[in-house]
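Let me begin by presenting the structure, written as structure tokens, before commenting on it.
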Amino acid sequence: MTAARVVVGAAVAAVLAYPLAASPYYATHMLMFFGYAIIVLGLNLLFGYTGLLSFGHSLFVALGAYAAAFLTSHFGVRSMELILVVAAVAGAAVAAPVGALCVRYARIYFAMLTLAFAMLFHSFLMKFYHVTGGDEGMRVLRPSLLGWDLAAVPKIQFLTVHYYYYASAVLLIAAVVMWRIVGSPFGLCLRSIRENPEKAASLGVSVARHRWAAFVISAAYAAVGGALLAPTTGQVDPSLAYWTHSGNMVFMTLLGGFSHFFGPALGALVFIHLQDQVMSLIPYWRLVFGAILAAIVIFAPGGLMSFVARSPGSAT
Amino acid sequence: MVADATNILLSGVFHAAILFLVAAGLQVVFGVQRIFNLACGSFYALGAYFGVSCVRWALDAGLPPGLFILPLIAGGLALAVVGPVVERLLRFVYDRDEAFQLLLTFAVVLMLEDVTRLVWGTSPVSTGGLYLIYGNVRLLGAQVPVYNLLVIGASLAIAVLIGFVLTRTRFGRIIRATAENREMSEAVGVDMRRVYTRVFTLGTVLGTLGGALVIPSTAAMSEMGVELIVEAFAVVVIGGLGSMRGAAAGALTVGVLRAIAIATYPELEMLLIYLIVIAVLVFRPRGLFGEAAA
Amino acid sequence: MSRDAAIVEAVGIRKLYGDVCALDGVSLAVREGEFVSVIGPNGAGKTTLINVLAGLLRPNAGTVRFKGRDIGGIGPVRLARLGMARSFQLVSIFPALTVLEMVQVAIVARLRRGRRLFAALAADREVREQALEVLALFGLADRAELPSRHLAQGDKKLLDVASAFALRPEVILLDEPTSGVSTRDKTAVMETLVAASKRIGIRAIIQVEHDMDIVFGYSDRIVALHQGRVLADAPPEVIRADEAVVAAVIGRPPEWRPT
């Protein structure tokens, strides 16, 4: 374990030192990483730990992002902390009924039902354009961080310094919370459900309720991630809710390795930077990434982490 | 009033005819191989784009415009070659968890999306008003393009053909046996590899044909593939996963309801479909004709 | 409850699968301290009976009572909470979880700690110690940190049963506890089971078993099922002398002798 702690410590240090060494272009990429890392942490609670594949988490990401847009543009709320809390609550609130329905269904139906809900939300965002701005989306105004109104700060500096450290702190907190969750008795029950739902039930574990709880928590994470992403581009649009966006997030999770706690975050990091590199060479990044996904699924389903660390089998 | 209703109904049935083809492709693959092919929409898109190209080549080569439907269908059928290629890829994950199978089909979706972009570019591609060459017909006061009726007829013919193949031919019996009991079929000596390849190719060509046939009335667009999967899912949920009759019933339901929604409350277009999907899953999870157990 | 009242009682159970009648008026009562074996040829309805007793299947007619309470179809989760546990015919484990973790699941569920999201499992001494105790009863404590899938097949079976025992149930349903276990080890497995039952304070054991030596060696009472009906329900000596049962179920007189 100590080796792992050293690695994690070094990674954290590297992340914190990054803006000092790297160009603003790459530093802003890290902002995407922070948001997506939180999202896939939540997604993996559902997939890696509970064994449920959701193609609908784009719904909650969009929900969080649009919450940020609404709060800043229409309600004059600038406090990022409030935005994050509202996003988490909104995510959980929508996930409660949606999850209650979806967890009653087995594998493929679950995946497709969550996909359908995401597309339902997408449809809603497109059609009710008076409220949501339709396919043009909405603007996200610059929030205040910890009470500081940073409107006067130039954009690049805001993003690469103030927001950078803020977002990394949010990720750190989210990661610590998730670490506690997966190491708890609740987390053990989730893993037992993943391994053998029938046996888990015979031991008195309420399978549906645990799955539902995992769904709601992962949705809250996705919404928080979405809200965190919103100010980086200053713009939200319905494509955030599209099912292929969900697919990409699952891709990130698989790429990094769903059997390890840090796998998905690694996957998000690699995905984002790789996508950028590939796009600068050819516009057809999907072709490359599709091939990569196929290769992972077929040859290395354990993801990148399976090359780095011996998989304990149980995501610990 | 009657004219409007007829218009709506027939446009709904036209859409249903196309949806049936794609859904049938999805159903036969799921029924036999237990794989839900997210790329069925991508095959559909591929068929659409390729269909346009075939028509253009044929017309440039001197084919009289009245016969454009021939290269269109030929194009749709020719894409059957894609089937074995994708199936070969899926073969790696037949014995794996469903999640991985689903993700592999998603990888195919990604790749095909860019393949169509690469070959045909990003702007919509169409055959223009070519299909109007068959003229219109007056039915109950509505002006209905003859082409649409041709497609409905073709889809019906294909449905009957599929029914015939499934019930009267050896291949059809093998499909039904494998769908019901894979191990038994293998034990009896059925060559699963060949069955899987053929079934997947059948599913592919139904999708590409659907895409080709829809083309004259719409344009081929890059989002076609990823858009259709949701409707296809609705069709199989309503009709019942794994059932051909379900594909037909589901397609009809979705097609007609969508047409009604578009004509009355456009905002509700897909909303209505989703609500029905949810209702079906809650009250009758196996759909109209599916096997029990969700 | 008086000592004679049944802990588990099935009265007139009928279970149909479509047109097929799997159980046709089966009645059975298990009292405090009894070890009851259910025997019968394949297709006699044994598995169906176990599933009805385990709350998985709701009978078409008749009632199943556990501690006087109707448990028809209440489902495995609620039944486990009421105090009845079961093991599975085909080994049913959590492959990626360690041996210790598998038993911990049962204890966490029993202590209702499955809701604790932020408490560290590793720090929960009570759960850990109870789990190790159960593992020790089954001789698996030395392999506590091993991933379950790495156990030998017979040990996996023991782990499956151990996790059910960790629920400290009052009644345990064992579905062919020695199936998949080599003949040499069967007695060892049964001795472990019986000893563990005593330690944990299990009040009654119901098992489905094919091995007649095991059945006759350990049962207080034997219930013979045939084509969905109870052919006989009596102590081993009576069963052995019952020609009808021998012909339909056993096939030949058992050679078992007490040691």
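For the structure tokens, the naming scheme is as follows: chains receive sequential letters (A, B, ...) according to their order of presentation, residues are indexed from 1 within each chain, and ligands are indexed from 1 in presentation order.
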
- Message: Set the cut-off to 7 Å and count only C-alpha atoms: what are the residues of chain B that reach chain A? Output as a list of chain:residue names.
- Response: B:Phe92, B:Val93, B:Ala99, B:Phe100, B:Leu104, B:Ala107, B:Val108, B:Leu110, B:Met111, B:Asp114, B:Val230, B:Glu267, B:Leu271, B:Tyr274, B:Ala294

- Message: Quick check for you: according to DSSP on this backbone, which residues of stretch 26-139 of chain B are classed as strand (DSSP E or B)? Reply as a list in words.
- Response: Val125, Asn136, Val137, Arg138 and Leu139 of chain B

- Query: When DSSP works through the backbone of this structure, what residues of stretch 56-246 of chain B end up as alpha helix (DSSP H), shown as a PyMOL selection string?
  - Reply: chain B and resi 56-60+69-78+82-90+98-120+146-168+170-180+182-188+192-214+224-239+244-246

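If you take only C-alpha atoms and a cut-off of 7 Å, the residues of chain A that reach chain C are Arg180, Ile181, Gly183, Ser184, Pro185, Phe186, Leu188, Cys189, Ser192, Glu195, Asn196, Lys199, Ala201, Ser202, Leu203, Gly204, Val205, Ser206, Gly313 and Ser314 of chain A.
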
- For atom CA of B:Ile174 and atom CA of B:Leu202, determine how far apart the two atoms are, in Å to one decimal place. 13.9 Å

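By only C-alpha atoms, and with residues fewer than 6 positions from stretch 8-22 of chain C along its chain excluded, the set lying at most 7 Å from it is C:Leu28, C:Ala29, C:Val30, C:Gly45, C:Thr48, C:Pro59, C:Asn60, C:Ala61, C:Gly62, C:Thr63, C:Val64, C:Arg65, C:Phe66, C:Lys67, C:Gly228.
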
Please build the interface table for stretch 122-150 of chain C against stretch 188-209 of chain C with a cut-off of 9 Å, listing for each qualifying residue the nearest atom pair and the distance in Å to one decimal; count only C-alpha atoms, order rows by chain and increasing number, and write it as JSON lines.
{"residue": "C:Val134", "atom": "CA", "partner": "C:Ala196", "partner_atom": "CA", "distance": 8.2}
{"residue": "C:Leu137", "atom": "CA", "partner": "C:Ala196", "partner_atom": "CA", "distance": 5.9}
{"residue": "C:Phe138", "atom": "CA", "partner": "C:Thr192", "partner_atom": "CA", "distance": 6.3}
{"residue": "C:Gly139", "atom": "CA", "partner": "C:Thr192", "partner_atom": "CA", "distance": 8.5}

Output for the residues just chosen: C-alpha atoms as a PDB file, in the first residue's frame:
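Below is the file selection-v6.pdb, written as the result:
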ATOM      1  CA  VAL C 134     -17.298 -18.279  11.562  1.00  0.00           C
ATOM      2  CA  LEU C 137     -15.656 -23.072  12.567  1.00  0.00           C
ATOM      3  CA  PHE C 138     -15.341 -24.104   8.939  1.00  0.00           C
ATOM      4  CA  GLY C 139     -11.583 -24.367   8.863  1.00  0.00           C
TER       5      GLY C 139
END

- Counting only C-alpha atoms, what is within 10 Å of B:Gly12, bar same-chain residues fewer than 4 positions away, as a list in words?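 Returned residues: Thr6, Asn7, Ile8, Ala16, Ala17, Ala251, Leu252, Thr253, Val254, Gly255, Val256, Leu257, Arg258, Ala259, Ile260 and Ile262 of chain B.
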
- Message: Here is a test: counting only C-alpha atoms, which residue of A:Gly99, A:Gly9, A:Gly226, A:Pro143 is nearest to A:Ser58?
- Response: A:Gly226

- Message: What's around B:Val82 at 8 Å? Count only C-alpha atoms, leave out sequence neighbours fewer than 4 positions away in its own chain, and write the answer as a ChimeraX atom specification.
- Response: /B:86,201,204

- Item | Separation of atom CA of A:Gly234 from atom CA of B:Glu113, in Å and rounded to one decimal |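 These two atoms are separated by 27.8 Å.
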
- Message: Between A:Ala213, A:Ala208, A:Val77, A:Val6, which residue has the minimum interatomic distance to A:Val140, considering only C-alpha atoms?
- Response: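 Among the listed residues, the smallest separation from A:Val140 belongs to A:Val77.
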
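What separates atom CA of B:Leu19 from atom CA of B:Phe36 is a distance of 16.0 Å.
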
- Residues near stretch 151-156 of chain B, cut-off 12 Å, only C-alpha atoms, skip fewer than 5 positions along chain, as JSON, numbers by chain: {"B": [10, 11, 12, 13, 14, 15, 16, 17, 18, 19, 20, 21, 22, 23, 24, 69, 72, 73, 131, 144, 145, 146, 161, 162, 163, 206, 207, 209, 210, 211, 212, 213, 214, 215, 216, 217, 248, 251, 252]}

- Message: For A:Phe60, find every residue with an atom within 10 Å (counting only C-alpha atoms), except residues of its own chain fewer than 2 positions away, and show them as a ChimeraX atom specification.
- Response: /A:39,56-58,62-66,87-88,90-92,94-95,118,121,218-227,240-241,246

Filtering to N, CA and C atoms, could you give me those residues as a PDB file, in the first residue's frame?
ATOM      1  N   ILE A  39     -16.933  12.975 -12.442  1.00  0.00           N
ATOM      2  CA  ILE A  39     -18.027  12.255 -13.087  1.00  0.00           C
ATOM      3  C   ILE A  39     -17.750  10.749 -13.123  1.00  0.00           C
ATOM      4  N   GLY A  56     -26.658   6.488 -19.491  1.00  0.00           N
ATOM      5  CA  GLY A  56     -27.467   7.692 -19.347  1.00  0.00           C
ATOM      6  C   GLY A  56     -26.898   8.741 -18.419  1.00  0.00           C
ATOM      7  N   HIS A  57     -25.633   8.607 -18.042  1.00  0.00           N
ATOM      8  CA  HIS A  57     -25.121   9.596 -17.099  1.00  0.00           C
ATOM      9  C   HIS A  57     -24.944  10.973 -17.711  1.00  0.00           C
ATOM     10  N   SER A  58     -24.976  11.037 -19.022  1.00  0.00           N
ATOM     11  CA  SER A  58     -24.906  12.344 -19.662  1.00  0.00           C
ATOM     12  C   SER A  58     -26.084  13.217 -19.209  1.00  0.00           C
ATOM     13  N   ALA A  62     -25.410  16.951 -17.870  1.00  0.00           N
ATOM     14  CA  ALA A  62     -26.098  18.099 -18.463  1.00  0.00           C
ATOM     15  C   ALA A  62     -26.924  18.830 -17.411  1.00  0.00           C
ATOM     16  N   LEU A  63     -27.541  18.057 -16.530  1.00  0.00           N
ATOM     17  CA  LEU A  63     -28.359  18.660 -15.478  1.00  0.00           C
ATOM     18  C   LEU A  63     -27.517  19.601 -14.623  1.00  0.00           C
ATOM     19  N   GLY A  64     -26.345  19.101 -14.205  1.00  0.00           N
ATOM     20  CA  GLY A  64     -25.454  19.929 -13.391  1.00  0.00           C
ATOM     21  C   GLY A  64     -24.979  21.152 -14.153  1.00  0.00           C
ATOM     22  N   ALA A  65     -24.624  20.946 -15.419  1.00  0.00           N
ATOM     23  CA  ALA A  65     -24.123  22.060 -16.224  1.00  0.00           C
ATOM     24  C   ALA A  65     -25.202  23.122 -16.424  1.00  0.00           C
ATOM     25  N   TYR A  66     -26.400  22.658 -16.763  1.00  0.00           N
ATOM     26  CA  TYR A  66     -27.482  23.615 -16.970  1.00  0.00           C
ATOM     27  C   TYR A  66     -27.887  24.301 -15.668  1.00  0.00           C
ATOM     28  N   ALA A  87     -26.425  21.607  -7.801  1.00  0.00           N
ATOM     29  CA  ALA A  87     -26.236  20.578  -8.823  1.00  0.00           C
ATOM     30  C   ALA A  87     -26.343  19.180  -8.212  1.00  0.00           C
ATOM     31  N   ALA A  88     -25.664  18.992  -7.081  1.00  0.00           N
ATOM     32  CA  ALA A  88     -25.699  17.677  -6.436  1.00  0.00           C
ATOM     33  C   ALA A  88     -27.129  17.310  -6.044  1.00  0.00           C
ATOM     34  N   ALA A  90     -29.937  18.520  -7.280  1.00  0.00           N
ATOM     35  CA  ALA A  90     -30.748  18.303  -8.480  1.00  0.00           C
ATOM     36  C   ALA A  90     -30.470  16.931  -9.077  1.00  0.00           C
ATOM     37  N   GLY A  91     -29.187  16.582  -9.148  1.00  0.00           N
ATOM     38  CA  GLY A  91     -28.823  15.273  -9.676  1.00  0.00           C
ATOM     39  C   GLY A  91     -29.460  14.154  -8.869  1.00  0.00           C
ATOM     40  N   ALA A  92     -29.359  14.256  -7.555  1.00  0.00           N
ATOM     41  CA  ALA A  92     -29.938  13.222  -6.708  1.00  0.00           C
ATOM     42  C   ALA A  92     -31.447  13.192  -6.826  1.00  0.00           C
ATOM     43  N   VAL A  94     -33.378  14.043  -9.356  1.00  0.00           N
ATOM     44  CA  VAL A  94     -33.836  13.427 -10.608  1.00  0.00           C
ATOM     45  C   VAL A  94     -33.504  11.942 -10.607  1.00  0.00           C
ATOM     46  N   ALA A  95     -32.358  11.604 -10.039  1.00  0.00           N
ATOM     47  CA  ALA A  95     -31.926  10.205 -10.045  1.00  0.00           C
ATOM     48  C   ALA A  95     -32.815   9.327  -9.191  1.00  0.00           C
ATOM     49  N   ALA A 118     -31.623   9.682 -20.872  1.00  0.00           N
ATOM     50  CA  ALA A 118     -30.704  10.749 -21.262  1.00  0.00           C
ATOM     51  C   ALA A 118     -31.213  11.446 -22.516  1.00  0.00           C
ATOM     52  N   PHE A 121     -34.072  13.731 -21.860  1.00  0.00           N
ATOM     53  CA  PHE A 121     -33.634  15.025 -21.363  1.00  0.00           C
ATOM     54  C   PHE A 121     -33.071  15.864 -22.509  1.00  0.00           C
ATOM     55  N   SER A 218     -24.027   8.201  -7.706  1.00  0.00           N
ATOM     56  CA  SER A 218     -23.257   8.416  -8.930  1.00  0.00           C
ATOM     57  C   SER A 218     -23.851   9.560  -9.741  1.00  0.00           C
ATOM     58  N   ALA A 219     -25.169   9.727  -9.666  1.00  0.00           N
ATOM     59  CA  ALA A 219     -25.803  10.824 -10.395  1.00  0.00           C
ATOM     60  C   ALA A 219     -25.414  12.165  -9.788  1.00  0.00           C
ATOM     61  N   ALA A 220     -25.363  12.219  -8.463  1.00  0.00           N
ATOM     62  CA  ALA A 220     -24.969  13.460  -7.801  1.00  0.00           C
ATOM     63  C   ALA A 220     -23.545  13.833  -8.200  1.00  0.00           C
ATOM     64  N   TYR A 221     -22.675  12.821  -8.262  1.00  0.00           N
ATOM     65  CA  TYR A 221     -21.300  13.078  -8.685  1.00  0.00           C
ATOM     66  C   TYR A 221     -21.262  13.607 -10.108  1.00  0.00           C
ATOM     67  N   ALA A 222     -22.038  12.992 -10.974  1.00  0.00           N
ATOM     68  CA  ALA A 222     -22.055  13.420 -12.374  1.00  0.00           C
ATOM     69  C   ALA A 222     -22.529  14.861 -12.490  1.00  0.00           C
ATOM     70  N   ALA A 223     -23.528  15.213 -11.689  1.00  0.00           N
ATOM     71  CA  ALA A 223     -24.056  16.579 -11.750  1.00  0.00           C
ATOM     72  C   ALA A 223     -23.025  17.582 -11.242  1.00  0.00           C
ATOM     73  N   VAL A 224     -22.335  17.203 -10.168  1.00  0.00           N
ATOM     74  CA  VAL A 224     -21.298  18.096  -9.634  1.00  0.00           C
ATOM     75  C   VAL A 224     -20.194  18.292 -10.679  1.00  0.00           C
ATOM     76  N   GLY A 225     -19.804  17.190 -11.320  1.00  0.00           N
ATOM     77  CA  GLY A 225     -18.792  17.277 -12.366  1.00  0.00           C
ATOM     78  C   GLY A 225     -19.247  18.171 -13.495  1.00  0.00           C
ATOM     79  N   GLY A 226     -20.517  18.006 -13.885  1.00  0.00           N
ATOM     80  CA  GLY A 226     -21.059  18.820 -14.963  1.00  0.00           C
ATOM     81  C   GLY A 226     -21.059  20.291 -14.607  1.00  0.00           C
ATOM     82  N   ALA A 227     -21.430  20.585 -13.354  1.00  0.00           N
ATOM     83  CA  ALA A 227     -21.453  21.983 -12.916  1.00  0.00           C
ATOM     84  C   ALA A 227     -20.045  22.551 -12.885  1.00  0.00           C
ATOM     85  N   LEU A 240     -24.451  17.912 -24.399  1.00  0.00           N
ATOM     86  CA  LEU A 240     -23.959  17.338 -23.148  1.00  0.00           C
ATOM     87  C   LEU A 240     -24.799  16.137 -22.730  1.00  0.00           C
ATOM     88  N   ALA A 241     -26.078  16.149 -23.108  1.00  0.00           N
ATOM     89  CA  ALA A 241     -26.977  15.089 -22.672  1.00  0.00           C
ATOM     90  C   ALA A 241     -27.046  13.914 -23.643  1.00  0.00           C
ATOM     91  N   SER A 246     -22.421   9.917 -22.907  1.00  0.00           N
ATOM     92  CA  SER A 246     -22.398   8.878 -21.867  1.00  0.00           C
ATOM     93  C   SER A 246     -21.418   7.787 -22.254  1.00  0.00           C
TER      94      SER A 246
END
